[in-house]
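Source file: entry-v9.txt (compact mmCIF, C-alpha atoms and all ligand atoms)
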```txt
# COMPACT_ATOMS: atom_id res chain seq x y z
CA PRO A 1374 205.09 -27.46 -95.65
CA VAL A 1375 206.55 -24.42 -97.37
CA PRO A 1376 203.86 -21.89 -98.29
CA ALA A 1377 203.93 -21.49 -102.03
CA ASP A 1378 203.67 -18.92 -104.77
CA ALA A 1379 201.10 -19.35 -107.52
CA ALA A 1380 199.18 -17.46 -110.19
CA LEU A 1381 195.79 -18.79 -111.28
CA ARG A 1382 193.74 -17.52 -114.23
CA GLY A 1383 190.01 -18.28 -114.40
CA HIS A 1384 186.52 -17.10 -113.55
CA VAL A 1385 186.83 -15.77 -110.00
CA ILE A 1386 183.77 -15.81 -107.73
CA THR A 1387 183.85 -14.53 -104.17
CA PHE A 1388 181.91 -12.25 -101.79
CA ARG A 1389 181.98 -8.64 -100.72
CA GLY A 1390 178.90 -9.03 -98.52
CA ASN A 1391 176.29 -11.40 -97.11
CA PRO A 1392 173.62 -12.28 -99.72
CA PHE A 1393 171.09 -12.94 -96.96
CA LEU A 1394 171.36 -9.20 -96.13
CA MET A 1395 171.67 -7.68 -99.61
CA PRO A 1396 170.78 -8.53 -103.21
CA SER A 1397 172.85 -11.44 -104.51
CA ASP A 1398 174.44 -9.41 -107.30
CA ALA A 1399 175.62 -6.82 -104.76
CA ALA A 1400 177.13 -9.54 -102.55
CA LEU A 1401 178.90 -11.44 -105.34
CA VAL A 1402 182.29 -10.49 -106.77
CA ASP A 1403 182.18 -11.90 -110.32
CA GLU A 1404 185.34 -11.69 -112.43
CA PRO A 1405 184.88 -13.79 -115.60
CA ASP A 1406 188.53 -13.49 -116.69
CA GLY A 1407 190.37 -13.07 -113.41
CA LEU A 1408 193.87 -13.56 -112.06
CA VAL A 1409 194.73 -14.57 -108.48
CA ILE A 1410 198.35 -14.03 -107.43
CA VAL A 1411 199.66 -15.88 -104.38
CA GLN A 1412 202.96 -15.24 -102.62
CA ALA A 1413 204.19 -17.24 -99.64
CA GLY A 1414 200.78 -18.89 -99.20
CA ARG A 1415 198.77 -15.65 -99.13
CA ILE A 1416 196.75 -13.94 -101.83
CA THR A 1417 198.45 -10.68 -102.85
CA HIS A 1418 196.37 -9.61 -105.88
CA VAL A 1419 192.96 -10.45 -107.37
CA GLY A 1420 191.40 -8.73 -110.34
CA PRO A 1421 190.73 -8.74 -114.06
CA TYR A 1422 193.53 -10.57 -115.83
CA GLY A 1423 194.42 -7.61 -118.06
CA GLN A 1424 194.95 -5.26 -115.13
CA THR A 1425 196.41 -7.72 -112.63
CA VAL A 1426 199.01 -9.43 -114.81
CA ALA A 1427 201.31 -6.41 -114.32
CA HIS A 1428 201.72 -7.48 -110.66
CA LEU A 1429 202.95 -10.96 -111.57
CA PRO A 1430 206.32 -11.55 -109.89
CA PRO A 1431 209.09 -12.29 -112.42
CA GLY A 1432 209.42 -15.98 -113.17
CA LEU A 1433 206.02 -17.02 -111.77
CA GLY A 1434 204.06 -18.99 -114.38
CA VAL A 1435 200.29 -18.61 -114.75
CA THR A 1436 198.17 -21.77 -114.40
CA ASP A 1437 195.32 -21.55 -116.88
CA TYR A 1438 191.91 -22.51 -115.43
CA ARG A 1439 189.84 -20.62 -117.98
CA GLY A 1440 186.45 -22.37 -118.24
CA CYS A 1441 186.55 -23.09 -114.49
CA LEU A 1442 185.47 -21.06 -111.47
CA ILE A 1443 188.06 -20.06 -108.87
CA SER A 1444 186.47 -19.93 -105.39
CA ALA A 1445 187.62 -19.87 -101.81
CA GLY A 1446 187.94 -23.43 -100.52
CA PHE A 1447 184.80 -24.79 -98.88
CA VAL A 1448 184.38 -24.68 -95.10
CA ASP A 1449 182.71 -27.72 -93.49
CA THR A 1450 181.46 -26.56 -90.09
CA HIS A 1451 180.53 -30.02 -88.74
CA VAL A 1452 182.01 -33.41 -89.60
CA HIS A 1453 183.27 -36.60 -87.89
CA TYR A 1454 186.47 -38.01 -89.41
CA PRO A 1455 186.24 -41.36 -87.54
CA GLN A 1456 182.86 -42.01 -89.14
CA LEU A 1457 184.26 -42.04 -92.67
CA PRO A 1458 184.33 -45.88 -92.83
CA MET A 1459 180.66 -46.13 -91.72
CA ILE A 1460 179.16 -43.53 -94.07
CA ALA A 1461 175.77 -44.72 -95.40
CA ALA A 1462 174.80 -47.06 -92.52
CA TYR A 1463 171.34 -48.46 -93.17
CA GLY A 1464 168.03 -48.13 -91.49
CA GLU A 1465 168.14 -46.18 -88.21
CA GLN A 1466 167.46 -42.75 -86.80
CA LEU A 1467 169.86 -40.88 -84.53
CA LEU A 1468 169.90 -42.69 -81.17
CA GLU A 1469 169.72 -46.22 -82.61
CA TRP A 1470 172.21 -45.26 -85.34
CA LEU A 1471 174.70 -44.15 -82.67
CA GLU A 1472 174.36 -47.42 -80.71
CA ARG A 1473 174.34 -49.78 -83.63
CA TYR A 1474 176.93 -48.28 -85.97
CA THR A 1475 178.74 -45.24 -84.57
CA PHE A 1476 180.03 -46.36 -81.20
CA PRO A 1477 181.50 -49.67 -82.45
CA THR A 1478 183.20 -47.79 -85.31
CA GLU A 1479 184.67 -45.14 -83.01
CA ARG A 1480 186.05 -47.87 -80.74
CA ARG A 1481 188.69 -48.68 -83.36
CA PHE A 1482 190.36 -45.27 -82.86
CA ALA A 1483 192.05 -46.52 -79.69
CA ASP A 1484 194.54 -47.79 -82.29
CA ALA A 1485 196.75 -44.86 -83.28
CA ALA A 1486 197.87 -46.46 -86.54
CA TYR A 1487 194.27 -46.96 -87.63
CA ALA A 1488 193.45 -43.36 -86.65
CA THR A 1489 196.34 -42.09 -88.76
CA ALA A 1490 195.25 -44.11 -91.78
CA ILE A 1491 191.65 -42.85 -91.59
CA ALA A 1492 192.72 -39.25 -90.87
CA ARG A 1493 194.88 -39.36 -93.98
CA GLN A 1494 192.09 -40.71 -96.16
CA PHE A 1495 189.59 -38.26 -94.68
CA LEU A 1496 191.75 -35.21 -95.43
CA SER A 1497 192.43 -36.48 -98.92
CA GLU A 1498 188.66 -36.90 -99.49
CA LEU A 1499 187.96 -33.41 -98.14
CA LEU A 1500 190.44 -31.90 -100.60
CA ARG A 1501 188.95 -33.97 -103.46
CA GLY A 1502 185.67 -32.22 -102.62
CA GLY A 1503 187.21 -28.74 -102.53
CA THR A 1504 186.98 -28.37 -98.74
CA THR A 1505 190.05 -26.77 -97.17
CA THR A 1506 188.87 -26.10 -93.59
CA ALA A 1507 186.60 -28.18 -91.36
CA ALA A 1508 185.41 -28.36 -87.76
CA VAL A 1509 186.08 -32.00 -87.00
CA TYR A 1510 185.06 -34.38 -84.21
CA CYS A 1511 187.68 -36.98 -83.31
CA THR A 1512 186.81 -39.76 -80.81
CA VAL A 1513 187.14 -40.02 -77.05
CA HIS A 1514 190.72 -41.29 -77.54
CA PRO A 1515 193.39 -38.55 -77.33
CA GLN A 1516 195.47 -40.47 -79.89
CA SER A 1517 192.67 -39.91 -82.44
CA VAL A 1518 193.27 -36.16 -82.04
CA ASP A 1519 197.05 -36.44 -82.28
CA ALA A 1520 196.65 -38.50 -85.45
CA PHE A 1521 194.32 -35.94 -87.02
CA PHE A 1522 196.33 -32.83 -86.20
CA ALA A 1523 199.58 -34.52 -87.22
CA GLU A 1524 198.13 -35.30 -90.66
CA SER A 1525 196.65 -31.81 -91.01
CA THR A 1526 199.99 -30.27 -90.03
CA ARG A 1527 201.72 -32.40 -92.64
CA LEU A 1528 199.39 -31.00 -95.32
CA GLY A 1529 199.34 -27.46 -93.95
CA THR A 1530 195.53 -27.32 -93.82
CA ARG A 1531 193.69 -25.04 -91.41
CA MET A 1532 191.57 -27.35 -89.23
CA VAL A 1533 189.49 -27.14 -86.07
CA ALA A 1534 189.24 -30.39 -84.09
CA GLY A 1535 188.97 -31.90 -80.64
CA LYS A 1536 188.63 -34.96 -78.45
CA VAL A 1537 185.05 -36.07 -77.87
CA LEU A 1538 184.01 -35.87 -74.22
CA MET A 1539 181.53 -38.46 -72.97
CA ASP A 1540 181.26 -39.71 -69.43
CA ARG A 1541 177.81 -41.35 -69.41
CA ASN A 1542 175.22 -43.09 -71.59
CA ALA A 1543 177.87 -44.61 -73.81
CA PRO A 1544 179.62 -48.01 -73.84
CA ASP A 1545 182.42 -48.49 -71.24
CA TYR A 1546 185.00 -48.65 -74.01
CA LEU A 1547 184.14 -45.08 -75.12
CA ARG A 1548 183.70 -43.34 -71.77
CA ASP A 1549 186.05 -40.91 -70.06
CA THR A 1550 185.38 -39.13 -66.74
CA ALA A 1551 184.88 -35.44 -66.15
CA GLN A 1552 188.42 -35.13 -64.73
CA GLN A 1553 190.11 -37.33 -67.34
CA GLY A 1554 188.30 -35.61 -70.20
CA HIS A 1555 189.38 -32.22 -68.84
CA ASP A 1556 193.01 -33.21 -68.36
CA GLU A 1557 193.34 -34.94 -71.72
CA SER A 1558 191.75 -31.97 -73.49
CA LEU A 1559 194.10 -29.56 -71.73
CA ALA A 1560 197.16 -31.56 -72.81
CA LEU A 1561 195.89 -31.59 -76.42
CA ILE A 1562 195.21 -27.84 -76.31
CA GLU A 1563 198.79 -27.25 -75.18
CA ARG A 1564 200.15 -29.52 -77.89
CA TRP A 1565 198.13 -28.30 -80.87
CA HIS A 1566 196.08 -25.14 -80.37
CA GLY A 1567 197.32 -22.17 -82.38
CA LYS A 1568 200.21 -24.13 -83.94
CA ASN A 1569 200.65 -24.52 -87.70
CA ARG A 1570 197.09 -23.53 -88.66
CA GLN A 1571 195.55 -25.98 -86.14
CA HIS A 1572 192.77 -24.89 -83.76
CA TYR A 1573 191.41 -26.83 -80.80
CA ALA A 1574 187.69 -27.32 -80.18
CA VAL A 1575 186.47 -28.49 -76.77
CA THR A 1576 184.04 -31.21 -77.92
CA PRO A 1577 181.36 -32.56 -75.57
CA ARG A 1578 179.54 -34.97 -77.91
CA PHE A 1579 176.03 -33.88 -76.85
CA ALA A 1580 174.19 -33.27 -73.60
CA PRO A 1581 172.97 -36.89 -73.10
CA THR A 1582 176.52 -38.30 -73.02
CA SER A 1583 177.97 -35.76 -70.57
CA THR A 1584 177.19 -35.33 -66.88
CA PRO A 1585 176.62 -31.79 -65.65
CA ALA A 1586 180.10 -32.07 -64.07
CA GLN A 1587 181.65 -32.80 -67.48
CA LEU A 1588 179.85 -29.87 -69.13
CA GLU A 1589 181.14 -27.64 -66.31
CA ALA A 1590 184.67 -28.93 -66.89
CA ALA A 1591 184.32 -28.12 -70.60
CA GLY A 1592 183.22 -24.60 -69.64
CA SER A 1593 186.23 -24.16 -67.38
CA LEU A 1594 188.59 -25.15 -70.22
CA LEU A 1595 186.97 -22.56 -72.49
CA ALA A 1596 187.13 -19.86 -69.83
CA ARG A 1597 190.94 -20.04 -69.98
CA ASP A 1598 191.23 -18.86 -73.59
CA ASP A 1599 188.91 -16.86 -75.91
CA THR A 1600 190.51 -18.33 -79.02
CA LEU A 1601 189.39 -21.89 -78.21
CA PHE A 1602 186.49 -23.38 -80.14
CA MET A 1603 183.58 -25.44 -78.78
CA GLN A 1604 181.54 -27.88 -80.82
CA THR A 1605 178.60 -30.08 -79.92
CA HIS A 1606 175.22 -31.32 -81.19
CA LEU A 1607 171.99 -29.46 -80.46
CA ALA A 1608 168.35 -30.49 -80.94
CA GLU A 1609 168.86 -32.77 -83.91
CA ASN A 1610 166.14 -35.35 -83.31
CA ARG A 1611 162.82 -35.36 -81.42
CA ALA A 1612 163.61 -38.38 -79.20
CA GLU A 1613 166.97 -36.80 -78.33
CA VAL A 1614 165.29 -33.50 -77.37
CA ASP A 1615 162.83 -35.36 -75.10
CA TRP A 1616 165.70 -37.27 -73.47
CA VAL A 1617 167.58 -34.04 -72.76
CA ALA A 1618 164.47 -32.54 -71.15
CA GLU A 1619 164.34 -35.58 -68.81
CA LEU A 1620 168.06 -35.49 -68.01
CA PHE A 1621 168.16 -31.72 -67.37
CA PRO A 1622 164.71 -30.82 -65.96
CA GLU A 1623 165.97 -27.50 -64.59
CA SER A 1624 166.98 -26.16 -68.01
CA ARG A 1625 164.59 -24.00 -70.06
CA SER A 1626 165.71 -25.61 -73.31
CA TYR A 1627 168.36 -27.86 -74.81
CA LEU A 1628 170.50 -24.79 -75.64
CA ASP A 1629 170.11 -23.65 -72.05
CA VAL A 1630 171.86 -26.83 -70.84
CA TYR A 1631 174.98 -25.69 -72.70
CA ASP A 1632 174.47 -22.05 -71.77
CA ARG A 1633 174.47 -22.80 -68.03
CA ALA A 1634 177.86 -24.49 -68.43
CA GLY A 1635 179.39 -21.51 -70.25
CA LEU A 1636 179.46 -23.25 -73.64
CA VAL A 1637 177.40 -20.72 -75.63
CA ARG A 1638 179.83 -18.08 -76.86
CA PRO A 1639 181.77 -16.89 -79.90
CA ARG A 1640 183.55 -19.81 -81.65
CA SER A 1641 180.94 -22.28 -80.34
CA VAL A 1642 179.39 -24.32 -83.15
CA MET A 1643 176.11 -26.15 -82.56
CA GLY A 1644 175.41 -28.95 -85.02
CA HIS A 1645 171.85 -29.24 -86.45
CA ALA A 1646 169.70 -26.98 -84.18
CA ILE A 1647 166.55 -28.18 -85.91
CA HIS A 1648 164.17 -28.25 -82.97
CA ILE A 1649 164.91 -24.91 -81.29
CA ASP A 1650 162.66 -21.97 -80.57
CA GLU A 1651 162.85 -18.21 -81.10
CA HIS A 1652 164.26 -17.64 -77.62
CA ASP A 1653 167.21 -19.90 -78.48
CA MET A 1654 167.73 -18.18 -81.85
CA GLN A 1655 167.87 -14.84 -80.02
CA ARG A 1656 170.39 -16.26 -77.59
CA CYS A 1657 172.62 -17.49 -80.45
CA HIS A 1658 172.38 -14.09 -82.12
CA ALA A 1659 173.29 -12.27 -78.90
CA THR A 1660 176.25 -14.50 -78.01
CA GLY A 1661 177.85 -14.98 -81.45
CA CYS A 1662 177.62 -18.75 -81.23
CA ALA A 1663 177.07 -20.46 -84.59
CA LEU A 1664 174.79 -23.10 -86.07
CA ALA A 1665 175.91 -25.79 -88.51
CA HIS A 1666 173.21 -26.71 -91.04
CA CYS A 1667 173.77 -30.34 -92.07
CA PRO A 1668 171.29 -31.06 -94.87
CA THR A 1669 172.42 -34.46 -96.15
CA SER A 1670 172.58 -35.80 -92.60
CA ASN A 1671 169.21 -34.40 -91.53
CA LEU A 1672 167.50 -36.02 -94.51
CA PHE A 1673 169.43 -39.29 -94.18
CA LEU A 1674 168.55 -39.76 -90.48
CA GLY A 1675 165.05 -38.31 -90.90
CA SER A 1676 165.87 -35.76 -88.20
CA GLY A 1677 163.83 -32.85 -89.53
CA THR A 1678 164.39 -29.67 -91.51
CA PHE A 1679 166.54 -26.77 -90.31
CA ARG A 1680 164.95 -23.31 -90.62
CA LEU A 1681 167.75 -21.72 -92.62
CA PHE A 1682 165.93 -18.51 -93.53
CA ASP A 1683 164.85 -18.08 -89.93
CA ALA A 1684 168.43 -18.44 -88.64
CA LEU A 1685 169.62 -15.96 -91.27
CA SER A 1686 166.80 -13.49 -90.71
CA PRO A 1687 168.31 -9.96 -91.08
CA THR A 1688 166.52 -8.82 -87.92
CA ARG A 1689 168.66 -11.08 -85.69
CA LEU A 1690 171.19 -12.85 -87.83
CA VAL A 1691 172.62 -16.07 -86.39
CA ARG A 1692 176.04 -17.10 -87.69
CA THR A 1693 175.37 -20.15 -89.85
CA GLY A 1694 177.52 -22.46 -91.93
CA LEU A 1695 177.07 -25.74 -93.78
CA GLY A 1696 178.16 -29.07 -92.33
CA THR A 1697 178.36 -32.42 -94.05
CA ASP A 1698 178.15 -34.35 -90.74
CA VAL A 1699 179.68 -37.44 -92.33
CA GLY A 1700 179.08 -40.34 -91.32
CA ALA A 1701 175.40 -39.38 -90.87
CA GLY A 1702 175.83 -37.08 -93.84
CA THR A 1703 176.03 -38.93 -97.12
CA SER A 1704 178.72 -36.88 -98.87
CA LEU A 1705 181.84 -34.88 -98.02
CA SER A 1706 181.13 -32.67 -101.05
CA HIS A 1707 179.71 -29.29 -100.13
CA LEU A 1708 178.18 -29.13 -103.61
CA GLN A 1709 175.98 -31.97 -102.37
CA SER A 1710 175.28 -30.10 -99.10
CA MET A 1711 174.12 -27.11 -101.18
CA ASN A 1712 171.97 -29.37 -103.33
CA GLU A 1713 170.11 -30.78 -100.31
CA ALA A 1714 169.97 -27.38 -98.59
CA TYR A 1715 168.16 -26.05 -101.66
CA LYS A 1716 165.57 -28.84 -101.44
CA ILE A 1717 165.07 -28.40 -97.68
CA ALA A 1718 164.48 -24.67 -98.23
CA GLN A 1719 161.97 -25.53 -100.97
CA THR A 1720 159.92 -27.61 -98.50
CA ALA A 1721 159.57 -24.46 -96.35
CA GLY A 1722 158.60 -22.29 -99.32
CA HIS A 1723 162.00 -20.53 -99.56
CA THR A 1724 164.26 -20.32 -102.58
CA LEU A 1725 167.95 -20.70 -101.74
CA HIS A 1726 169.77 -18.60 -104.33
CA PRO A 1727 173.05 -20.12 -105.61
CA VAL A 1728 174.94 -17.03 -104.45
CA GLN A 1729 173.51 -17.60 -100.96
CA ALA A 1730 174.41 -21.30 -101.08
CA PHE A 1731 178.02 -20.66 -102.14
CA TRP A 1732 178.28 -17.93 -99.51
CA LEU A 1733 177.19 -20.43 -96.83
CA ALA A 1734 179.77 -22.93 -98.06
CA THR A 1735 182.64 -20.39 -98.00
CA ALA A 1736 182.43 -16.92 -96.40
CA GLY A 1737 179.45 -17.81 -94.19
CA GLY A 1738 181.22 -20.89 -92.84
CA ALA A 1739 184.34 -18.81 -92.19
CA GLN A 1740 182.24 -16.25 -90.30
CA ALA A 1741 180.52 -19.01 -88.33
CA LEU A 1742 183.98 -20.12 -87.17
CA HIS A 1743 185.19 -16.53 -86.65
CA LEU A 1744 187.97 -17.28 -89.13
CA ASP A 1745 186.80 -14.85 -91.82
CA ASP A 1746 189.90 -12.68 -91.35
CA VAL A 1747 192.01 -15.50 -92.87
CA ILE A 1748 189.75 -17.78 -94.96
CA GLY A 1749 186.44 -17.85 -96.84
CA THR A 1750 187.03 -15.18 -99.51
CA VAL A 1751 189.40 -14.59 -102.41
CA ALA A 1752 191.00 -11.26 -101.53
CA PRO A 1753 194.43 -9.79 -100.88
CA GLY A 1754 195.77 -10.78 -97.46
CA MET A 1755 193.72 -13.97 -97.19
CA ASP A 1756 195.23 -17.46 -96.99
CA ALA A 1757 195.41 -18.98 -100.48
CA ASP A 1758 193.01 -21.87 -99.75
CA LEU A 1759 191.18 -22.21 -103.07
CA CYS A 1760 189.10 -24.63 -105.07
CA ILE A 1761 188.80 -24.73 -108.83
CA LEU A 1762 185.34 -25.78 -110.02
CA ASP A 1763 184.70 -27.32 -113.43
CA PRO A 1764 181.09 -26.70 -114.53
CA LYS A 1765 181.43 -29.24 -117.37
CA ALA A 1766 182.69 -32.22 -115.38
CA THR A 1767 180.24 -34.65 -116.98
CA PRO A 1768 178.57 -34.80 -120.41
CA LEU A 1769 175.19 -33.95 -118.86
CA GLN A 1770 176.61 -30.94 -117.05
CA ALA A 1771 178.30 -29.77 -120.27
CA LEU A 1772 174.88 -29.98 -121.95
CA ARG A 1773 173.12 -28.06 -119.16
CA VAL A 1774 175.80 -25.36 -119.10
CA GLN A 1775 174.90 -24.47 -122.69
CA MET A 1776 171.63 -23.10 -121.26
CA CYS A 1777 173.38 -20.88 -118.69
CA ASP A 1778 173.04 -17.16 -119.26
CA SER A 1779 174.50 -15.93 -115.97
CA THR A 1780 177.21 -16.70 -113.41
CA ALA A 1781 174.46 -17.44 -110.88
CA ASP A 1782 172.97 -20.10 -113.17
CA LEU A 1783 176.41 -21.62 -113.72
CA MET A 1784 176.79 -21.81 -109.93
CA PHE A 1785 173.33 -23.35 -109.67
CA THR A 1786 174.18 -26.15 -112.11
CA LEU A 1787 177.31 -26.88 -110.04
CA MET A 1788 175.41 -27.07 -106.77
CA MET A 1789 172.59 -29.21 -108.13
CA LEU A 1790 174.57 -31.53 -110.40
CA GLY A 1791 178.10 -31.36 -109.03
CA ASP A 1792 180.18 -33.49 -106.68
CA ASP A 1793 183.88 -34.35 -106.29
CA ARG A 1794 184.15 -34.76 -110.07
CA SER A 1795 183.49 -31.03 -110.34
CA ILE A 1796 186.60 -30.15 -108.35
CA ARG A 1797 189.33 -29.62 -110.93
CA ALA A 1798 191.91 -28.70 -108.26
CA THR A 1799 192.35 -27.65 -104.63
CA TYR A 1800 195.06 -25.33 -103.30
CA VAL A 1801 196.10 -25.08 -99.65
CA ALA A 1802 198.25 -22.08 -98.70
CA GLY A 1803 199.04 -21.75 -102.39
CA ARG A 1804 200.14 -25.38 -102.81
CA LEU A 1805 198.33 -27.65 -105.24
CA LEU A 1806 197.21 -30.53 -103.01
CA HIS A 1807 194.56 -32.04 -105.24
CA ASP A 1808 194.48 -32.23 -109.01
CA ARG A 1809 191.57 -34.24 -110.40
CA ASP A 1810 193.39 -35.08 -113.59
CA MET A 1811 196.68 -36.05 -111.99
CA GLU A 1812 197.77 -38.29 -109.12
CA THR A 1813 199.31 -35.86 -106.64
CA GLY A 1814 199.93 -38.63 -104.11
CA LEU A 1815 199.50 -37.03 -100.70
N1 LIG B 1901 174.61 -36.68 -81.81
C1 LIG B 1901 175.53 -37.19 -80.94
N2 LIG B 1901 176.54 -37.78 -81.60
C2 LIG B 1901 176.27 -37.67 -82.90
C3 LIG B 1901 176.96 -38.08 -84.09
O1 LIG B 1901 178.03 -38.69 -84.05
N3 LIG B 1901 176.35 -37.77 -85.27
C4 LIG B 1901 175.18 -37.08 -85.33
N4 LIG B 1901 174.66 -36.80 -86.52
N5 LIG B 1901 174.52 -36.69 -84.23
C5 LIG B 1901 175.06 -36.98 -83.04
ZN ZN B 1902 177.58 -34.72 -85.97
```
Could you write out this file's structure as structure tokens?
Ligand code: GUN
Ligand code: ZN
Amino acid sequence: PVPADAALRGHVITFRGNPFLMPSDAALVDEPDGLVIVQAGRITHVGPYGQTVAHLPPGLGVTDYRGCLISAGFVDTHVHYPQLPMIAAYGEQLLEWLERYTFPTERRFADAAYATAIARQFLSELLRGGTTTAAVYCTVHPQSVDAFFAESTRLGTRMVAGKVLMDRNAPDYLRDTAQQGHDESLALIERWHGKNRQHYAVTPRFAPTSTPAQLEAAGSLLARDDTLFMQTHLAENRAEVDWVAELFPESRSYLDVYDRAGLVRPRSVMGHAIHIDEHDMQRCHATGCALAHCPTSNLFLGSGTFRLFDALSPTRLVRTGLGTDVGAGTSLSHLQSMNEAYKIAQTAGHTLHPVQAFWLATAGGAQALHLDDVIGTVAPGMDADLCILDPKATPLQALRVQMCDSTADLMFTLMMLGDDRSIRATYVAGRLLHDRDMETGL
């Protein structure tokens, strides 16, 4: 796709700092009548309309989004595209849910045509929700990865993804071997990593489905290249944690299983991390590995409640983003992730400020993925991956907005009441790829 030029007028919100480390009004850039100018897919100017309009290139029309917020596109730090068709599967917790629903669904991705169809629908749904970058699990089948990256390349989205590695404790039809998983991953890395905004993540599913030999092989892939990502699941569910302790008796903790294999490092993203201790938090802080907080999933599967304010403690900050974790998560909309994150924080006696929530969904997610030099904020030099949020998407929201006396309260109504209907439009590298009120036909 050709990176585009664009000029968007509206209420710009973005970040100049981390609101877990400073007051929210110091962290937030709030430009009620702003203009964002994009040239060749990158943001060149952002500022008050009156002062910025002088920089408008001749012939470039301004799209008027007054009444809407202009934000960086959302960053989903943990999601499974093959699980889209099985979202909202009834009745089980993690380990039974995997056996009963997940594995049979993932089996279908041996079929490349099916994988392409679901990848296409998944990316379209992400954009409908305002998400422009995600860290995505494919399945054990290499063709599921080719299908995903091919679709992402077609759209020009910046995506992180990889082939799931699992060589034990899974059905025959979903198992690889340590050697096969290594070789297939290496071929995919060579085909996709660093090309056309695509990034490869070495993806051992979780410790129970990989032998120590497979975890070692994953570590040896990562050791070749600092720019590779790693993603896995960590300490999501009590029964899972107990199982890992039995399978790896020599390890101090679940995180330590990954650490011994060389998987705990910058650009590693651990999904969930609910049942971890202070020692593990310190280790994440020291290594630059990131945690993905997946609120809708954790509530849906009854997994437990992530200690968000502990992870983001200023004394030893751990890089943290938000993940939808669909299909265990119940929505691809990060507005819904923020909604449930607020409620989980409430149960621990913390108040998640809307500026903190939006930071997690954008700049914080970009920092978790070490991609904050290109995405996550609205600023000159950044990729023009943007979402346009309509605070009055429904009659009820229009009523509630009449009570708003601050930008923060407007953001709060969006995160508590909003969903894909709130996304007026989504831009990827300056191109309009989703328009709520128009069929763009990807
Ligand atoms: N742990 C191992 N695999 C999965 C998965 O697919 N989803 C979730 N939520 N947890 C997992
Ligand atoms: Zn997951």
A:Phe1522, A:Trp1470, A:Tyr1715, A:Trp1616 ranked by distance to ligand ZN 1902 (chain B), top pick (using all atoms listed in the file):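 Result for the nearest residue to ligand ZN 1902 (chain B): A:Trp1470.
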To one decimal place, how far is atom CA of Thr1478 of chain A from atom CA of Glu1557 of chain A in Å?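 Between these atoms lies a distance of 21.3 Å.
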Distance atom CA of Tyr1487 of chain A-atom CA of Leu1805 of chain A, one decimal place? 26.4 Å
With all atoms listed in the file counted and 10 Å as the cut-off, give the residues of segment 1439-1538 of chain A in contact with segment 1633-1653 of chain A, each with its shortest interatomic distance in Å and the pair that gives it, as a Markdown table.
```
| residue | atom | partner | partner_atom | distance |
| --- | --- | --- | --- | --- |
| A:Thr1450 | CA | A:Val1642 | CA | 7.6 |
| A:His1451 | CA | A:Gly1644 | CA | 6.4 |
| A:Val1452 | CA | A:Gly1644 | CA | 9.2 |
| A:Ala1508 | CA | A:Val1642 | CA | 8.6 |
```
Interatomic distance, atom CA of Leu1672 of chain A to atom CA of Ala1741 of chain A (Å, one decimal):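 Atom-to-atom, atom CA of Leu1672 of chain A to atom CA of Ala1741 of chain A, that is 22.3 Å.
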For the point (174.0, -34.5, -79.1) in the file's frame, write as a list of chain:residue names all residues with an atom no more than 10 Å away, counting all atoms listed in the file.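 Checking each residue against the 10 Å limit leaves A:Leu1467, A:Leu1468, A:Pro1577, A:Arg1578, A:Phe1579, A:Ala1580, A:Pro1581, A:Thr1582, A:Ser1583, A:Thr1605, A:His1606, A:Leu1607, A:Ala1608, A:Glu1609, A:Asn1610, A:Glu1613, A:Val1614, A:Val1617, A:Tyr1627, A:Met1643, A:Gly1644, A:His1645.
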Hey, what's within 12 Å of Val1426 of chain A if we count only C-alpha atoms and toss same-chain stuff fewer than 2 positions away? As a PyMOL selection string, please? chain A and resi 1380-1382+1406-1410+1418-1424+1428-1431+1433-1435
Do a neighbour search on Leu1783 of chain A at 12 Å with all atoms listed in the file, toss out local chain neighbours closer than 4 positions, and write the hits as a ChimeraX atom specification. /A:1384,1386,1403,1405,1440-1442,1726-1728,1731,1762-1765,1770-1779,1787-1791
Under the rule that only C-alpha atoms and all ligand atoms are counted, which of A:Arg1480, A:His1453, A:His1743, A:Arg1797 is the nearest residue to ligand LIG 1901 (chain B)?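 The closest residue to ligand LIG 1901 (chain B) is A:His1453.
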Name all residues at most 9 Å from Gly1696 of chain A (count all atoms listed in the file; drop same-chain ones fewer than 5 positions away) and give them as a PyMOL selection string. chain A and resi 1448-1452+1507-1508+1644-1645+1665-1670+1702+1705+1707+1710+1734+1738
What does the file look like for those residues with C-alpha atoms, as a short mmCIF file (atom, residue, chain, number, x, y, z; two decimals), keeping the file's coordinate frame?
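Okay, again-v7.cif is ready:
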```
data_model
loop_
_atom_site.label_atom_id
_atom_site.label_comp_id
_atom_site.auth_asym_id
_atom_site.auth_seq_id
_atom_site.Cartn_x
_atom_site.Cartn_y
_atom_site.Cartn_z
CA VAL A 1448 184.38 -24.68 -95.10
CA ASP A 1449 182.71 -27.72 -93.49
CA THR A 1450 181.46 -26.56 -90.09
CA HIS A 1451 180.53 -30.02 -88.74
CA VAL A 1452 182.01 -33.41 -89.60
CA ALA A 1507 186.60 -28.18 -91.36
CA ALA A 1508 185.41 -28.36 -87.76
CA GLY A 1644 175.41 -28.95 -85.02
CA HIS A 1645 171.85 -29.24 -86.45
CA ALA A 1665 175.91 -25.79 -88.51
CA HIS A 1666 173.21 -26.71 -91.04
CA CYS A 1667 173.77 -30.34 -92.07
CA PRO A 1668 171.29 -31.06 -94.87
CA THR A 1669 172.42 -34.46 -96.15
CA SER A 1670 172.58 -35.80 -92.60
CA GLY A 1702 175.83 -37.08 -93.84
CA LEU A 1705 181.84 -34.88 -98.02
CA HIS A 1707 179.71 -29.29 -100.13
CA SER A 1710 175.28 -30.10 -99.10
CA ALA A 1734 179.77 -22.93 -98.06
CA GLY A 1738 181.22 -20.89 -92.84
#
```
